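Reading through the structure tokens given below for one structure.
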Amino acid sequence: MKVGIIDGKGRGVMATKPFQRGEFVVEYSGDLIEFTDAKSRETKYAQDPSTGCYMYYFQYLSKTYCVDATKETTRLGRLINHSKNGNCQTKLHNVDGKPHLILVASRDIAKGEELLYDYGDRSKASIAAHPWLKQ
């Protein structure tokens, strides 16, 4: 996989090899934190728009967690862009009792194709701030 510049989006991730439907693509990697800590960080990030916010909330064993991938790293999962009709989907994978958020191919993906998944955020506030979530 490699990072590329995508018109109208900024950075995105391109497949450098084909992926078959169901195949592991990448982990959405970051700090695994609980809901209250995540909301606190989100408030902090909102004070500096240049920081961005790369947070993914999910339920695991009846508890809400978040993977905070806001910090710049060499891990590429955080840079995969949104599409309602993405070619990847998220799955939870248990490693030593801890949830890991991974992306798998939801269909066959060709080499050179942009990797995309549905962020799932349909809130009015988010769509107002990020109209591209409707796409």
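Just remember, in the structure tokens the first chain shown is A, the second B, etc., residues are 1-based per chain, and ligands are 1-based in the order shown.
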**OP:** DSSP on the backbone, then: every residue of segment 4-81 of chain A marked alpha helix (DSSP H), written as a PyMOL selection string.
**Re:** chain A and resi 35-46
Would you mind exporting the chosen residues as a compact mmCIF listing (two decimals), in the first residue's frame, restricted to C-alpha atoms?
```
# COMPACT_ATOMS: atom_id res chain seq x y z
CA PHE A 35 -15.39 6.09 25.77
CA THR A 36 -14.91 8.79 28.46
CA ASP A 37 -11.21 9.21 27.63
CA ALA A 38 -12.06 9.37 23.93
CA LYS A 39 -14.63 12.14 24.42
CA SER A 40 -12.10 14.11 26.44
CA ARG A 41 -9.49 13.79 23.68
CA GLU A 42 -12.06 14.69 21.03
CA THR A 43 -12.86 17.93 22.88
CA LYS A 44 -9.14 18.73 23.06
CA TYR A 45 -8.64 18.02 19.34
CA ALA A 46 -11.59 20.28 18.43
```
Subject >> Spatial neighbours of segment 116-120 of chain A, max dist 6 Å, only C-alpha atoms, sep filter under 3 positions, as a PyMOL selection string >> reply: chain A and resi 80-84+86-89
Preceding selection exported with C-alpha atoms as an mmCIF file, in the first residue's frame:
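The result, stored in part_22.cif:
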```cif
data_model
loop_
_atom_site.group_PDB
_atom_site.id
_atom_site.type_symbol
_atom_site.label_atom_id
_atom_site.label_comp_id
_atom_site.auth_asym_id
_atom_site.auth_seq_id
_atom_site.Cartn_x
_atom_site.Cartn_y
_atom_site.Cartn_z
ATOM 1 C CA ILE A 80 -8.058 5.307 4.300
ATOM 2 C CA ASN A 81 -10.828 7.582 3.046
ATOM 3 C CA HIS A 82 -14.612 7.311 3.340
ATOM 4 C CA SER A 83 -17.094 6.029 0.796
ATOM 5 C CA LYS A 84 -20.590 4.684 1.383
ATOM 6 C CA GLY A 86 -16.162 1.337 -0.061
ATOM 7 C CA ASN A 87 -14.095 -1.678 -1.039
ATOM 8 C CA CYS A 88 -13.140 -2.430 2.594
ATOM 9 C CA GLN A 89 -15.091 -3.035 5.786
#
```
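Computed from the coordinates, the atom CA of Glu34 of chain A to atom CA of Pro49 of chain A distance equals 22.9 Å.
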Subject >> Counting only C-alpha atoms, the residue of A:Lys63, A:Arg11, A:Lys2, A:Lys98 that sits nearest Leu79 of chain A >> reply: A:Arg11
Subject >> Point-to-point distance in Å for atom CA of Glu113 of chain A and atom CA of Tyr57 of chain A >> reply: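 Rounded to one decimal, the two atoms are 26.3 Å apart.
Once Tyr28 of chain A and its same-chain neighbours fewer than 3 positions away are set aside, Gly77, Arg78, Leu101 and Ile102 of chain A remain within 6 Å of it when counting only C-alpha atoms.
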Save out the residues we just selected, N, CA and C atoms, as a PDB file, in the first residue's frame.
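Saved to part14.pdb:
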```
ATOM      1  N   GLY A  77      -3.674   2.641   8.049  1.00  0.00           N
ATOM      2  CA  GLY A  77      -5.119   2.476   8.239  1.00  0.00           C
ATOM      3  C   GLY A  77      -5.836   3.787   8.495  1.00  0.00           C
ATOM      4  N   ARG A  78      -5.191   4.697   9.197  1.00  0.00           N
ATOM      5  CA  ARG A  78      -5.805   5.976   9.560  1.00  0.00           C
ATOM      6  C   ARG A  78      -6.030   6.876   8.347  1.00  0.00           C
ATOM      7  N   LEU A 101      -9.021  -3.382  15.599  1.00  0.00           N
ATOM      8  CA  LEU A 101      -9.886  -3.007  14.499  1.00  0.00           C
ATOM      9  C   LEU A 101      -9.113  -3.212  13.197  1.00  0.00           C
ATOM     10  N   ILE A 102      -9.629  -4.088  12.350  1.00  0.00           N
ATOM     11  CA  ILE A 102      -8.954  -4.350  11.084  1.00  0.00           C
ATOM     12  C   ILE A 102      -9.886  -4.021   9.923  1.00  0.00           C
TER      13      ILE A 102
END
```
Original post:
To one decimal place, how far is atom CA of Phe19 of chain A from atom CA of Asp108 of chain A in Å?
Top reply: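 Atom CA of Asp108 of chain A lies at a distance of 5.7 Å from atom CA of Phe19 of chain A.
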Subject >> DSSP strand (DSSP E or B) selection over segment 3-132 of chain A, as JSON, numbers by chain >> reply: {"A": [3, 4, 5, 6, 10, 11, 12, 13, 14, 19, 24, 25, 26, 27, 31, 32, 33, 34, 55, 56, 57, 58, 59, 60, 63, 64, 65, 66, 67, 68, 81, 82, 88, 89, 90, 91, 92, 93, 94, 95, 98, 99, 100, 101, 102, 103, 104, 105, 109, 114, 116, 117]}
Subject >> Exercise: Glu23 of chain A partners within 9 Å, only C-alpha atoms, chain neighbours under 5 positions left out, as a PyMOL selection string >> reply: chain A and resi 103-106+108
**OP:** Would you kindly return, as a PyMOL selection string, each protein, DNA or RNA residue with an atom no farther than 12 Å from any atom of Lys71 of chain A, considering only C-alpha atoms and excluding same-chain residues fewer than 4 positions away?
**Re:** chain A and resi 29-31+41+45+51-55+67+75-76+78-79
Subject >> Selected residue, from A:Val13, A:Ile33, A:Leu61, A:Met1, that lies nearest to Leu92 of chain A when counting only C-alpha atoms >> reply: A:Leu61
